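> Sending over a structure as structure tokens; questions will come in a sec.
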Amino acid sequence: MDIKMNVPASIISVKPIGLPAEKERGEELQVRVTAPVIGQDLPIIVFSHGFGWSMDGYAPLVDFWAAHGFVVIQPTHLDSRTLNIPSEDPRTPLIWRMRVDDLKLILDQLELIEASVPGLRGRLDRERIAVAGHSWGGQTASMLLGARVLDAYGEPGQDMSDPRIKAGVLLATTGSGGADLTPFAAEHFPFMNPSFANMSTPALVVAGDHDQSLLSTRGPDWFTDPYVLSPGEKSLLTLFGAEHSLGGISGYEVKETTDENPERVKLLQKLTAAYLRTALGLDASSWPSAQAALKESANPPGRIESK
């Protein structure tokens, strides 16, 4: 497939950058920033990692996005294995909310972040900000797009959306809760009960048609709920044969990848970048051209639908 991309630039990555956080978090938020060494008015992607990961993960996506003109900011959430917070820690039940607060803190501290990266000052475009996330990070990111967690009575909780976010990419993001959860998931992850009814910010939802979660009583279609159940401009990319790692986006040769497929990762790199370039108003033709290239492929590795 001929999905055209701009010539990749050299990138710089700086970590850790410490951001002062609220007292209840217990420690500063550490972030990693990856950016192209050239270019002005650079759009921003704030990326939320999956359970247990950290700012050091997802290099296949992060490096590609940065090389093609985005500044990627990655926090280390409190569930990270690098922090080793025990399950009995009083913060544990609140981590799902603190994850969202982490992303908002990054948006609040862009000036400090910009000043902490050599050569980055004055190059960020604060009007073009996207949020992205994988797995639990997808749910975290979806909250900034307008998703809300339902309480035990089915009532939507606090609106944690953020108008600074103009678009999103939700990768292997869990679907509805309630009867769609296994008893284990319902007991241990009560926050995994989202409503997408108000998730109106434009977003690309990515799902693998072989992604069978142990947390859900449903099949791989569970991961399409953020698309199916949300309003507004949305696209759904279904990757054929993909499991939860979507070919290996968490890192190069990581042991948690169950469906290693470098070609699938390359496709996802290009399609997500193309989507964001159009969604953020950088190139109106980028996403339509990428969709056409996938559709016209002799043996397409996935399909795209939009609404």
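The chains in the structure tokens are called A, B, ... from first to last as shown; in each chain the residues are counted from 1, and the ligands are counted from 1 in the order shown.
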So that I can check the surroundings of A:Ile12, please list as a list in words every protein, DNA and RNA residue that reaches within 7 Å of it, counting only C-alpha atoms and ignoring chain neighbours fewer than 3 positions away.

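My list of contacting residues is Thr34, Ala35, Pro36 and Val37 of chain A.
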
> Write out as a list in words the residues lying within 12 Å of A:Ala179, counting only C-alpha atoms and excluding same-chain residues fewer than 2 positions away.

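Answer for this query is Gly154, Gly175, Ser176, Gly177, Leu181, Thr182, Pro183, Phe184, Ala185, Ala186, Met192, Asn193, Leu215, Ser216, Thr217, Arg218 and Trp222 of chain A.
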
> For atom CA of A:Ile44 and atom CA of A:Val71, quote the distance in Å rounded to one decimal.

4.8 Å

> Quick one: contact table of stretch 66-165 of chain A to stretch 281-290 of chain A, 12 Å max, nearest atom pair and distance in Å to one decimal per residue, counting only C-alpha atoms, chain and number order, as a tab-separated table?


residue	atom	partner	partner_atom	distance
A:Gly69	CA	A:Leu282	CA	10.5
A:Phe70	CA	A:Leu282	CA	11.1
A:Asp125	CA	A:Leu282	CA	11.2
A:Glu127	CA	A:Gly281	CA	10.1
A:Arg128	CA	A:Gly281	CA	7.9
A:Ile129	CA	A:Gly281	CA	10.7
A:Ala130	CA	A:Gly281	CA	11.4

> Write a file of the selected residues as a compact mmCIF listing (two decimals), in the first residue's frame, keeping N, CA, C and O atoms.


# COMPACT_ATOMS: atom_id res chain seq x y z
N GLY A 69 6.80 14.52 12.75
CA GLY A 69 6.36 15.87 13.03
C GLY A 69 5.56 16.10 14.29
O GLY A 69 5.10 17.23 14.52
N PHE A 70 5.38 15.08 15.14
CA PHE A 70 4.62 15.26 16.37
C PHE A 70 5.55 15.28 17.58
O PHE A 70 6.59 14.62 17.59
N ASP A 125 2.72 23.64 19.10
CA ASP A 125 1.45 24.21 18.68
C ASP A 125 0.38 23.79 19.69
O ASP A 125 -0.13 22.68 19.64
N GLU A 127 -2.58 24.64 19.97
CA GLU A 127 -3.93 24.56 19.43
C GLU A 127 -4.18 23.22 18.74
O GLU A 127 -5.32 22.94 18.35
N ARG A 128 -3.14 22.43 18.61
CA ARG A 128 -3.29 21.11 17.96
C ARG A 128 -2.76 20.03 18.91
O ARG A 128 -1.59 19.66 18.86
N ILE A 129 -3.64 19.57 19.78
CA ILE A 129 -3.27 18.57 20.77
C ILE A 129 -4.20 17.36 20.64
O ILE A 129 -5.43 17.50 20.60
N ALA A 130 -3.61 16.18 20.58
CA ALA A 130 -4.36 14.92 20.54
C ALA A 130 -4.00 14.09 21.76
O ALA A 130 -2.94 14.26 22.37

> Between atom CA of A:Val46 and atom CA of A:Ile73, measure the distance and give it in Å to one decimal.

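Atom-to-atom, atom CA of A:Val46 to atom CA of A:Ile73, that is 4.9 Å.
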
> Using the chain letters and numbers from this document, which residues of stretch 33-104 of chain A does DSSP assign to strand (DSSP E), as a compact mmCIF listing (two decimals) with all heavy atoms, in the first residue's frame?


# COMPACT_ATOMS: atom_id res chain seq x y z
N VAL A 33 9.53 13.05 26.87
CA VAL A 33 9.17 13.84 25.69
C VAL A 33 10.03 13.39 24.52
O VAL A 33 11.26 13.34 24.63
CB VAL A 33 9.35 15.34 25.93
CG1 VAL A 33 9.00 16.13 24.68
CG2 VAL A 33 8.50 15.80 27.11
N THR A 34 9.39 13.06 23.42
CA THR A 34 10.09 12.69 22.19
C THR A 34 9.63 13.63 21.09
O THR A 34 8.43 13.80 20.88
CB THR A 34 9.79 11.23 21.81
OG1 THR A 34 10.06 10.37 22.93
CG2 THR A 34 10.64 10.78 20.63
N ALA A 35 10.58 14.25 20.41
CA ALA A 35 10.25 15.31 19.45
C ALA A 35 11.21 15.30 18.27
O ALA A 35 12.36 14.87 18.39
CB ALA A 35 10.30 16.67 20.15
N PRO A 36 10.76 15.80 17.12
CA PRO A 36 11.68 15.97 15.99
C PRO A 36 12.66 17.10 16.28
O PRO A 36 12.30 18.08 16.96
CB PRO A 36 10.75 16.32 14.82
CG PRO A 36 9.54 16.91 15.46
CD PRO A 36 9.39 16.22 16.78
N LEU A 42 4.72 22.49 16.08
CA LEU A 42 4.61 21.04 16.16
C LEU A 42 3.37 20.62 16.95
O LEU A 42 3.19 21.04 18.10
CB LEU A 42 5.86 20.46 16.82
CG LEU A 42 7.19 20.76 16.13
CD1 LEU A 42 8.35 20.28 16.99
CD2 LEU A 42 7.25 20.10 14.75
N PRO A 43 2.51 19.78 16.37
CA PRO A 43 1.35 19.27 17.11
C PRO A 43 1.79 18.31 18.21
O PRO A 43 2.88 17.75 18.16
CB PRO A 43 0.54 18.55 16.03
CG PRO A 43 1.54 18.16 15.00
CD PRO A 43 2.58 19.25 15.00
N ILE A 44 0.93 18.13 19.20
CA ILE A 44 1.27 17.38 20.40
C ILE A 44 0.39 16.15 20.53
O ILE A 44 -0.83 16.22 20.28
CB ILE A 44 1.08 18.28 21.65
CG1 ILE A 44 1.96 19.53 21.55
CG2 ILE A 44 1.39 17.50 22.94
CD1 ILE A 44 1.56 20.62 22.53
N ILE A 45 0.99 15.03 20.91
CA ILE A 45 0.25 13.82 21.28
C ILE A 45 0.59 13.48 22.73
O ILE A 45 1.76 13.28 23.06
CB ILE A 45 0.60 12.62 20.38
CG1 ILE A 45 0.35 12.93 18.91
CG2 ILE A 45 -0.20 11.38 20.81
CD1 ILE A 45 0.85 11.85 17.96
N VAL A 46 -0.42 13.43 23.58
CA VAL A 46 -0.24 12.97 24.96
C VAL A 46 -0.66 11.50 24.99
O VAL A 46 -1.80 11.17 24.64
CB VAL A 46 -1.07 13.81 25.94
CG1 VAL A 46 -0.84 13.32 27.37
CG2 VAL A 46 -0.73 15.28 25.82
N PHE A 47 0.27 10.62 25.39
CA PHE A 47 0.04 9.18 25.26
C PHE A 47 -0.05 8.50 26.62
O PHE A 47 0.86 8.64 27.45
CB PHE A 47 1.15 8.52 24.44
CG PHE A 47 0.88 7.07 24.14
CD1 PHE A 47 0.18 6.70 23.01
CD2 PHE A 47 1.30 6.07 25.01
CE1 PHE A 47 -0.10 5.37 22.74
CE2 PHE A 47 1.04 4.74 24.74
CZ PHE A 47 0.34 4.39 23.61
N SER A 48 -1.13 7.75 26.85
CA SER A 48 -1.35 7.03 28.10
C SER A 48 -1.06 5.54 27.89
O SER A 48 -1.67 4.89 27.04
CB SER A 48 -2.79 7.23 28.56
OG SER A 48 -3.04 6.52 29.76
N VAL A 71 5.15 16.02 18.60
CA VAL A 71 5.82 15.94 19.89
C VAL A 71 4.98 15.02 20.77
O VAL A 71 3.79 15.27 20.99
CB VAL A 71 5.94 17.33 20.55
CG1 VAL A 71 6.49 17.21 21.97
CG2 VAL A 71 6.82 18.23 19.70
N VAL A 72 5.59 13.95 21.24
CA VAL A 72 4.86 12.94 22.02
C VAL A 72 5.28 13.03 23.48
O VAL A 72 6.47 12.98 23.80
CB VAL A 72 5.13 11.52 21.48
CG1 VAL A 72 4.23 10.51 22.19
CG2 VAL A 72 4.91 11.46 19.97
N ILE A 73 4.30 13.15 24.36
CA ILE A 73 4.55 13.26 25.79
C ILE A 73 3.94 12.05 26.48
O ILE A 73 2.74 11.80 26.36
CB ILE A 73 3.97 14.56 26.37
CG1 ILE A 73 4.46 15.78 25.56
CG2 ILE A 73 4.33 14.71 27.84
CD1 ILE A 73 3.81 17.09 25.96
N GLN A 74 4.78 11.31 27.21
CA GLN A 74 4.35 10.07 27.85
C GLN A 74 4.53 10.14 29.37
O GLN A 74 5.66 10.25 29.84
CB GLN A 74 5.18 8.89 27.34
CG GLN A 74 5.07 8.61 25.85
CD GLN A 74 6.09 7.55 25.44
OE1 GLN A 74 7.18 7.88 25.00
NE2 GLN A 74 5.73 6.28 25.61
N PRO A 75 3.45 10.03 30.12
CA PRO A 75 3.59 9.97 31.57
C PRO A 75 3.81 8.53 32.04
O PRO A 75 3.49 7.57 31.34
CB PRO A 75 2.24 10.48 32.06
CG PRO A 75 1.29 10.00 30.99
CD PRO A 75 2.06 10.09 29.69

> Need to verify the contact set: A:Pro60, 12 Å, only C-alpha atoms, exclusion of same-chain residues closer than 4 positions in sequence. Can you return it as a list of chain:residue names?

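Here the answer would be A:Asp56, A:Phe64, A:Trp65, A:Ala66, A:Ala67, A:Ser245, A:Leu246, A:Gly247, A:Gly248, A:Ile249, A:Ser250, A:Gly251, A:Tyr252, A:Glu253, A:Val254, A:Asn261, A:Pro262, A:Glu263, A:Arg264, A:Val265, A:Lys266, A:Leu267, A:Leu268, A:Gln269, A:Lys270.
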
> Counting only C-alpha atoms, what is within 6 Å of stretch 13-20 of chain A, bar same-chain residues fewer than 2 positions away, as a list of chain:residue names?

A:Glu28, A:Leu29, A:Gln30, A:Val31, A:Arg32, A:Val33, A:Thr34

> Could you save the residues just selected, with N, CA and C atoms, as a short mmCIF file (atom, residue, chain, number, x, y, z; two decimals), in the first residue's frame?


data_model
loop_
_atom_site.label_atom_id
_atom_site.label_comp_id
_atom_site.auth_asym_id
_atom_site.auth_seq_id
_atom_site.Cartn_x
_atom_site.Cartn_y
_atom_site.Cartn_z
N GLU A 28 5.81 13.17 42.43
CA GLU A 28 5.73 13.93 41.19
C GLU A 28 5.42 13.01 40.01
N LEU A 29 4.87 13.61 38.97
CA LEU A 29 4.60 12.87 37.74
C LEU A 29 5.83 12.95 36.84
N GLN A 30 6.34 11.81 36.46
CA GLN A 30 7.49 11.78 35.54
C GLN A 30 7.01 11.53 34.12
N VAL A 31 7.56 12.31 33.19
CA VAL A 31 7.16 12.19 31.79
C VAL A 31 8.40 12.10 30.91
N ARG A 32 8.17 11.57 29.74
CA ARG A 32 9.19 11.50 28.69
C ARG A 32 8.67 12.29 27.50
N VAL A 33 9.53 13.05 26.87
CA VAL A 33 9.17 13.84 25.69
C VAL A 33 10.03 13.39 24.52
N THR A 34 9.39 13.06 23.42
CA THR A 34 10.09 12.69 22.19
C THR A 34 9.63 13.63 21.09
#

> Identify, on the basis of only C-alpha atoms, every residue whose closest approach to stretch 86-102 of chain A does not exceed 8 Å; exclude the query and any residue fewer than 5 positions from it along the same chain; express the result as a list in words.

Glu24, Arg25, Leu29, Pro75, His77, Leu78, Asp79, Thr140, Ala141, Met143, Leu144, Met160 and Phe191 of chain A

> Between atom CA of A:Ile11 and atom CA of A:Asp63, what is the distance, to one decimal in Å?

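Separation of atom CA of A:Ile11 and atom CA of A:Asp63: 7.5 Å.
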
> So which one's closest to A:Pro226, A:Ser200, A:Thr173, A:Ser161, A:Thr278? Using only C-alpha atoms, please.

A:Thr173

> Have a look at A:His134, A:His210, A:Arg148, A:Lys104 and name the one nearest to A:Ala21; count only C-alpha atoms.

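Ranked by minimum distance to A:Ala21, first place goes to A:Lys104.
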
> From the options A:Val149, A:Ile113, A:Met5, A:Leu105, which residue's atoms come nearest to A:Tyr275, counting only C-alpha atoms?

A:Met5

> List as a tab-separated table every residue of stretch 37-152 of chain A that is in contact with stretch 232-243 of chain A, defined as an atom at most 12 Å from one of its atoms (using only C-alpha atoms), together with the nearest atom pair and the distance in Å rounded to one decimal, sorted by chain and then rising number.


residue	atom	partner	partner_atom	distance
A:Ser135	CA	A:Glu243	CA	11.5
A:Leu145	CA	A:Gly232	CA	10.9
A:Gly146	CA	A:Gly232	CA	10.9

> Please write the residues from the selection above to a file, keeping N, CA and C atoms, as an mmCIF file, in the first residue's frame.


data_model
loop_
_atom_site.group_PDB
_atom_site.id
_atom_site.type_symbol
_atom_site.label_atom_id
_atom_site.label_comp_id
_atom_site.auth_asym_id
_atom_site.auth_seq_id
_atom_site.Cartn_x
_atom_site.Cartn_y
_atom_site.Cartn_z
ATOM 1 N N SER A 135 -5.112 0.088 25.565
ATOM 2 C CA SER A 135 -5.695 -0.745 26.604
ATOM 3 C C SER A 135 -6.255 0.142 27.724
ATOM 4 N N LEU A 145 -11.838 12.736 26.015
ATOM 5 C CA LEU A 145 -12.640 12.909 24.811
ATOM 6 C C LEU A 145 -14.125 13.020 25.126
ATOM 7 N N GLY A 146 -14.508 12.727 26.389
ATOM 8 C CA GLY A 146 -15.911 12.850 26.783
ATOM 9 C C GLY A 146 -16.545 11.612 27.361
#

> With only C-alpha atoms as the basis for distance, which of A:Ala172, A:Leu103, A:Pro202, A:Asp108 is at the shortest distance from A:Leu280?

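Selected residue with least distance to A:Leu280: A:Pro202.
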